[in-house]
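run_19.txt (compact mmCIF, C-alpha atoms) appears below.
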```txt
# COMPACT_ATOMS: atom_id res chain seq x y z
CA MET B 21 -8.01 51.34 -43.12
CA ILE B 22 -9.00 50.83 -39.51
CA SER B 23 -6.83 48.29 -37.72
CA LEU B 24 -8.68 45.34 -36.23
CA LEU B 25 -5.90 44.66 -33.72
CA PRO B 26 -7.43 46.65 -30.84
CA TYR B 27 -10.76 44.89 -31.38
CA LYS B 28 -9.04 41.49 -31.37
CA LYS B 29 -7.39 42.39 -28.08
CA ILE B 30 -10.74 43.39 -26.63
CA ILE B 31 -12.35 40.16 -27.82
CA LEU B 32 -9.49 38.06 -26.47
CA PHE B 33 -9.58 39.90 -23.15
CA THR B 34 -13.34 39.48 -22.90
CA MET B 35 -13.10 35.77 -23.70
CA PHE B 36 -10.35 35.34 -21.11
CA SER B 37 -12.39 37.22 -18.52
CA VAL B 38 -15.47 35.09 -19.13
CA VAL B 39 -13.49 31.84 -19.05
CA GLY B 40 -11.69 33.01 -15.92
CA THR B 41 -14.97 33.82 -14.20
CA TYR B 42 -16.46 30.50 -15.29
CA PHE B 43 -13.41 28.65 -13.95
CA PHE B 44 -13.58 30.54 -10.65
CA ILE B 45 -17.29 29.82 -10.14
CA HIS B 46 -16.95 26.14 -10.93
CA SER B 47 -13.76 25.77 -8.93
CA HIS B 48 -15.52 27.43 -6.01
CA ASN B 49 -18.51 25.11 -6.39
CA ARG B 50 -16.23 22.07 -6.50
CA GLU B 51 -14.64 23.16 -3.22
CA GLN B 52 -18.07 23.62 -1.64
CA GLU B 53 -19.22 20.28 -3.00
CA LYS B 54 -16.18 18.61 -1.45
CA ILE B 55 -17.08 20.08 1.96
CA PHE B 56 -20.70 19.08 1.50
CA LYS B 57 -19.77 15.47 0.72
CA SER B 58 -17.53 15.32 3.78
CA LYS B 59 -20.46 16.37 6.00
CA ILE B 60 -23.59 14.82 4.54
CA GLU B 61 -22.89 11.27 5.78
CA LEU B 62 -22.54 12.46 9.38
CA CYS B 63 -26.27 12.25 10.06
CA GLN B 64 -28.02 8.91 9.53
CA THR B 65 -31.27 9.55 11.43
CA ALA B 66 -34.73 10.26 10.03
CA SER B 67 -35.14 13.34 12.24
CA VAL B 68 -34.49 16.72 10.67
CA GLN B 69 -34.00 18.23 14.15
CA ASP B 70 -31.31 15.66 14.99
CA CYS B 71 -29.60 16.30 11.66
CA ILE B 72 -29.64 20.06 12.30
CA VAL B 73 -27.75 19.50 15.55
CA GLU B 74 -25.35 16.99 13.99
CA TYR B 75 -24.47 19.18 11.02
CA GLY B 76 -24.40 22.36 13.08
CA ILE B 77 -21.88 20.92 15.53
CA SER B 78 -19.74 19.68 12.64
CA PHE B 79 -19.17 23.33 11.63
CA LEU B 80 -17.88 24.46 15.03
CA ASN B 81 -14.94 26.88 14.68
CA VAL B 82 -15.65 27.60 11.00
CA PRO B 83 -14.92 31.34 10.56
CA TYR B 84 -17.57 34.02 10.83
CA VAL B 85 -17.42 36.30 7.76
CA ALA B 86 -20.00 39.03 7.13
CA HIS B 87 -21.53 40.03 3.79
CA THR B 88 -20.58 36.88 1.87
CA LEU B 89 -23.80 37.11 -0.17
CA GLU B 90 -22.95 40.63 -1.32
CA GLU B 91 -19.74 39.88 -3.22
CA ASN B 92 -21.25 39.46 -6.71
CA GLU B 93 -22.39 42.30 -8.93
CA THR B 94 -25.42 40.30 -10.06
CA GLU B 95 -27.64 38.32 -7.72
CA GLN B 96 -26.87 34.60 -7.82
CA LEU B 97 -26.91 31.65 -5.46
CA VAL B 98 -23.85 31.79 -3.21
CA VAL B 99 -22.79 28.64 -1.39
CA ASN B 100 -20.19 28.96 1.37
CA LEU B 101 -19.61 26.06 3.72
CA ASP B 102 -16.18 27.29 4.80
CA LYS B 103 -17.37 30.64 6.20
CA PHE B 104 -20.71 31.87 7.54
CA ASP B 105 -22.64 34.77 8.93
CA CYS B 106 -25.49 33.95 11.31
CA ALA B 107 -28.11 33.70 8.54
CA THR B 108 -26.08 31.67 6.04
CA PHE B 109 -25.15 29.26 8.84
CA VAL B 110 -28.81 28.63 9.65
CA GLU B 111 -29.83 28.31 5.99
CA SER B 112 -26.96 25.99 5.07
CA VAL B 113 -27.39 23.64 8.03
CA LEU B 114 -31.17 23.52 7.56
CA ALA B 115 -30.81 22.77 3.84
CA MET B 116 -28.36 19.94 4.58
CA ALA B 117 -30.69 18.46 7.19
CA ILE B 118 -33.69 18.53 4.85
CA VAL B 119 -31.96 16.87 1.90
CA SER B 120 -30.42 14.28 4.21
CA VAL B 121 -33.78 13.25 5.66
CA ARG B 122 -35.32 13.26 2.18
CA ASP B 123 -32.52 10.89 1.13
CA LYS B 124 -31.52 13.29 -1.63
CA GLN B 125 -27.95 13.63 -0.51
CA GLN B 126 -26.44 15.14 -3.64
CA TYR B 127 -24.88 18.59 -3.79
CA ASP B 128 -27.29 19.76 -6.51
CA HIS B 129 -30.26 18.91 -4.28
CA PHE B 130 -28.63 20.84 -1.43
CA ALA B 131 -28.06 23.92 -3.64
CA GLU B 132 -31.65 23.72 -4.87
CA MET B 133 -32.97 23.59 -1.30
CA LEU B 134 -30.72 26.46 -0.24
CA GLN B 135 -32.16 28.57 -3.06
CA LYS B 136 -35.70 27.62 -2.05
CA LEU B 137 -35.03 28.74 1.51
CA ARG B 138 -33.25 31.97 0.61
CA TYR B 139 -35.34 33.38 -2.25
CA ARG B 140 -39.00 34.24 -2.52
CA ASN B 141 -40.77 31.37 -4.29
CA GLY B 142 -37.31 29.87 -4.81
CA GLN B 143 -36.71 32.21 -7.76
CA ILE B 144 -33.70 34.49 -8.16
CA ASP B 145 -34.78 37.79 -9.68
CA GLY B 146 -32.40 40.44 -8.43
CA TYR B 147 -31.42 41.57 -4.95
CA ALA B 148 -34.98 42.20 -3.79
CA SER B 149 -35.97 38.59 -4.49
CA ARG B 150 -33.67 37.45 -1.69
CA ILE B 151 -35.49 37.20 1.66
CA HIS B 152 -33.53 39.60 3.86
CA TYR B 153 -35.57 39.84 7.06
CA PHE B 154 -35.73 36.83 9.41
CA SER B 155 -39.44 37.27 10.12
CA ASP B 156 -40.15 37.35 6.36
CA TRP B 157 -37.90 34.30 5.86
CA MET B 158 -39.78 32.46 8.59
CA TYR B 159 -43.15 33.50 7.15
CA GLU B 160 -42.31 32.42 3.59
CA ASN B 161 -40.86 29.09 4.69
CA THR B 162 -43.83 28.49 6.96
CA GLN B 163 -46.16 29.13 4.03
CA ASN B 164 -44.31 26.60 1.88
CA GLY B 165 -44.45 23.96 4.63
CA ILE B 166 -40.77 23.83 5.55
CA LEU B 167 -41.11 25.50 8.95
CA GLN B 168 -43.67 25.98 11.70
CA ASN B 169 -43.70 28.97 14.03
CA VAL B 170 -43.95 27.59 17.58
CA THR B 171 -43.57 30.90 19.44
CA GLU B 172 -47.25 31.10 20.39
CA GLU B 173 -47.03 27.63 21.96
CA LEU B 174 -44.20 29.00 24.12
CA ASN B 175 -46.52 31.67 25.58
CA GLY B 176 -45.35 34.28 23.11
CA VAL B 177 -46.83 37.76 23.30
CA PRO B 178 -47.39 40.24 20.42
CA TYR B 179 -44.21 41.69 18.92
CA LEU B 180 -45.32 45.08 17.64
CA LYS B 181 -42.68 46.26 15.23
CA THR B 182 -42.75 48.24 11.99
CA VAL B 183 -40.07 46.83 9.69
CA ASN B 184 -38.31 49.34 7.43
CA PHE B 185 -34.64 49.30 8.41
CA MET B 186 -33.27 48.50 4.96
CA SER B 187 -35.24 51.08 2.99
CA GLU B 188 -34.52 53.72 5.64
CA ASN B 189 -30.78 52.96 5.65
CA PRO B 190 -29.88 52.15 2.03
CA SER B 191 -26.31 53.42 2.44
CA LEU B 192 -25.60 50.40 4.67
CA TYR B 193 -26.23 47.99 1.78
CA LYS B 194 -24.08 47.99 -1.34
CA GLN B 195 -26.90 46.98 -3.69
CA LEU B 196 -29.32 49.52 -2.25
CA ALA B 197 -26.84 52.37 -2.16
CA LYS B 198 -26.43 52.30 -5.93
CA SER B 199 -30.00 51.51 -7.01
CA PRO B 200 -33.05 53.60 -6.05
CA GLU B 201 -35.17 51.08 -7.96
CA THR B 202 -34.00 48.26 -5.67
CA VAL B 203 -34.69 50.45 -2.63
CA GLU B 204 -38.26 50.89 -3.84
CA LYS B 205 -38.69 47.14 -4.39
CA THR B 206 -37.38 46.55 -0.87
CA ARG B 207 -39.79 49.13 0.51
CA LEU B 208 -42.70 47.31 -1.14
CA VAL B 209 -41.61 44.06 0.50
CA GLU B 210 -41.49 45.80 3.87
CA LYS B 211 -44.99 47.23 3.35
CA GLU B 212 -46.34 43.74 2.67
CA MET B 213 -44.61 42.44 5.80
CA ASN B 214 -46.14 45.21 7.90
CA LYS B 215 -49.65 44.29 6.71
CA ARG B 216 -49.42 40.85 8.31
CA PRO B 217 -50.84 40.13 11.77
CA PRO B 218 -48.33 40.92 14.53
CA MET B 219 -45.80 38.21 15.26
CA LYS B 220 -45.38 36.73 18.72
CA TYR B 221 -42.16 36.68 20.71
CA VAL B 222 -40.97 35.49 24.10
CA PRO B 223 -39.49 38.40 26.10
CA LYS B 224 -36.01 37.60 27.36
CA ALA B 225 -37.10 37.73 31.00
CA GLU B 226 -39.46 34.79 30.28
CA ILE B 227 -37.10 32.52 28.35
CA LYS B 228 -35.90 30.54 31.36
CA THR B 229 -39.46 29.64 32.32
CA ILE B 230 -40.30 28.16 28.89
CA GLU B 231 -36.94 26.77 27.77
CA ALA B 232 -37.91 23.19 28.69
CA ASN B 233 -40.33 23.36 25.74
CA ILE B 234 -37.67 24.47 23.26
CA GLN B 235 -36.29 21.51 21.32
CA GLU B 236 -32.74 20.98 20.14
CA GLY B 237 -32.53 22.04 16.52
CA ASP B 238 -35.20 24.74 16.87
CA ILE B 239 -34.33 27.92 15.00
CA ILE B 240 -33.98 30.92 17.28
CA GLY B 241 -34.47 34.47 15.99
CA ILE B 242 -33.37 37.10 18.50
CA THR B 243 -35.59 40.19 18.54
CA THR B 244 -34.13 43.65 18.92
CA SER B 245 -34.89 47.15 20.13
CA VAL B 246 -33.22 48.63 17.03
CA LYS B 247 -35.78 50.76 15.20
CA GLY B 248 -37.14 49.24 12.00
CA LEU B 249 -35.37 45.89 12.48
CA ASP B 250 -37.12 42.66 13.44
CA ILE B 251 -34.28 40.30 14.29
CA ALA B 252 -30.67 41.08 15.19
CA HIS B 253 -29.25 37.55 15.26
CA GLU B 254 -30.17 33.91 14.75
CA GLY B 255 -28.98 30.40 15.46
CA PHE B 256 -30.09 26.97 16.69
CA ALA B 257 -31.13 25.71 20.09
CA ILE B 258 -28.82 23.12 21.60
CA LYS B 259 -28.75 21.57 25.09
CA ARG B 260 -25.79 21.70 27.43
CA LYS B 261 -26.16 20.31 30.99
CA GLY B 262 -29.95 20.48 30.75
CA ARG B 263 -30.06 24.13 29.62
CA ILE B 264 -30.75 25.59 26.18
CA HIS B 265 -27.76 27.32 24.61
CA LEU B 266 -27.30 28.96 21.20
CA LEU B 267 -25.40 27.24 18.39
CA HIS B 268 -24.54 30.10 16.06
CA ALA B 269 -22.06 31.90 13.84
CA SER B 270 -20.87 34.56 16.28
CA SER B 271 -19.71 37.97 15.11
CA ASP B 272 -18.14 38.52 18.54
CA GLU B 273 -16.10 35.31 18.55
CA LYS B 274 -15.59 35.33 14.76
CA LYS B 275 -16.52 31.66 14.36
CA VAL B 276 -19.29 29.10 14.83
CA VAL B 277 -19.69 28.38 18.54
CA VAL B 278 -22.05 27.16 21.22
CA SER B 279 -22.75 30.07 23.56
CA SER B 280 -20.96 29.72 26.88
CA GLN B 281 -24.06 31.06 28.63
CA PRO B 282 -27.55 29.53 28.50
CA LEU B 283 -29.79 31.31 25.99
CA SER B 284 -31.65 33.35 28.60
CA ASP B 285 -28.41 34.61 30.14
CA TYR B 286 -26.93 35.26 26.70
CA LEU B 287 -29.78 37.65 25.87
CA MET B 288 -29.57 39.32 29.26
CA SER B 289 -25.95 40.18 28.53
CA HIS B 290 -26.94 41.97 25.28
CA LYS B 291 -28.91 45.12 26.08
CA SER B 292 -30.53 45.62 22.65
CA GLN B 293 -31.71 42.00 22.40
CA THR B 294 -35.30 41.83 23.65
CA GLY B 295 -36.46 38.23 23.24
CA ILE B 296 -36.84 35.32 20.84
CA ILE B 297 -38.98 34.00 18.02
CA VAL B 298 -38.81 30.22 17.64
CA CYS B 299 -39.53 28.13 14.57
CA ARG B 300 -39.15 24.41 13.99
CA ALA B 301 -38.47 22.44 10.85
CA ASN B 302 -41.30 20.20 9.70
CA HIS B 303 -40.49 16.63 8.75
CA PRO B 304 -39.81 16.96 5.00
CA ARG B 305 -42.36 15.48 2.64
```
Show me, as structure tokens, the structure contained in the file I just sent.
Amino acid sequence: MISLLPYKKIILFTMFSVVGTYFFIHSHNREQEKIFKSKIELCQTASVQDCIVEYGISFLNVPYVAHTLEENETEQLVVNLDKFDCATFVESVLAMAIVSVRDKQQYDHFAEMLQKLRYRNGQIDGYASRIHYFSDWMYENTQNGILQNVTEELNGVPYLKTVNFMSENPSLYKQLAKSPETVEKTRLVEKEMNKRPPMKYVPKAEIKTIEANIQEGDIIGITTSVKGLDIAHEGFAIKRKGRIHLLHASSDEKKVVVSSQPLSDYLMSHKSQTGIIVCRANHPR
């Protein structure tokens, strides 16, 4: 007779693992919800731009941590309000500002908006459904009415760039390194991006001349000379002593900061950074 004991152990272990994972996810979400509730009342205006600045400043000194969206084996919505990279900082603050102005100030509404911003058509369907490139993120969220690209109004000039960095460097991404199928899906996304009309950007030498037309709360994507990559960094515009600075999650300073230099000087001090793309949140409907 075959003993059932080993199978019982396996079943018990599996049940414990599932319950443990469930507890971890929900405990994590409760912690994020607590942070969310502590922040959401900070902005009482009807302006999404004002709320972006208010919420963004409230996260000053929160740690910069890279790759926080890559920790799970399966693609799922990750909410982290206690650590950011440059992209998750922008997405999280923008999502908070939108739900605040819409007067839907519950955590579930925030998570729903974050998913809408981060995933194509707001649907999670594997790693390739996440919008990885800033220019693609801006395009998709312009199409759905959340953002408007104001770069052309700032005297932007064509930004001629073929985007293929991820598919050409799959070893740099955990999910791509182990899945040729996901690499191919990513390559198809890049091909669709490259079919679009060229974007506009403001070269860094011209930023100082147009910065008076940049508004606080505008989203700044910093273009790069790195082959195959559209944007190297992102953050929000914020004014200090009449100049535009960058409010961002800084990999150099390892926390959320306001740049010590005005935006134009900040780019000049980074050789591979070539200019900016600017988008602005629409007033939510």
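Going from atom CA of Cys299 of chain B to atom CA of Lys224 of chain B covers 16.3 Å.
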### Task
Might you pull out every residue within 12 Å of Thr294 of chain B, with only C-alpha atoms counted and same-chain residues fewer than 4 positions away left off, and present them as a ChimeraX atom specification?
/B:179,221-227,241-246,249-253,284-290
### Message
Could you tell me how far atom CA of Ala257 of chain B sits from atom CA of Arg300 of chain B, in Å to one decimal place?
### Response
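Those two atoms sit 10.2 Å apart.
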### Task
Between B:Ser149, B:Asn302, B:Thr65, B:Gln143, single out the one closest to Leu114 of chain B, counting all atoms listed in the file.
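Counting all atoms listed in the file, the residue closest to Leu114 of chain B is B:Asn302.
From atom CA of Ala301 of chain B back to atom CA of Tyr159 of chain B, the distance works out to 12.6 Å.
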### Task
Rank nothing, just name the residue among B:Glu132, B:Glu231, B:Glu172, B:Asp70 nearest to His265 of chain B, using only C-alpha atoms.
B:Glu231
### Query
Smallest atom-to-atom distance to Ser271 of chain B: which of B:Met133, B:Val98, B:Val113, B:Ala107, using only C-alpha atoms?
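Comparing B:Met133, B:Val98, B:Val113, B:Ala107 against Ser271 of chain B, the winner is B:Ala107.
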#### Entry: For Ile264 of chain B, the nearest of the candidates B:Gln126, B:Thr229, B:Gln64, B:Ser191, counting only C-alpha atoms
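The shortest atom-to-atom distance to Ile264 of chain B comes from B:Thr229.
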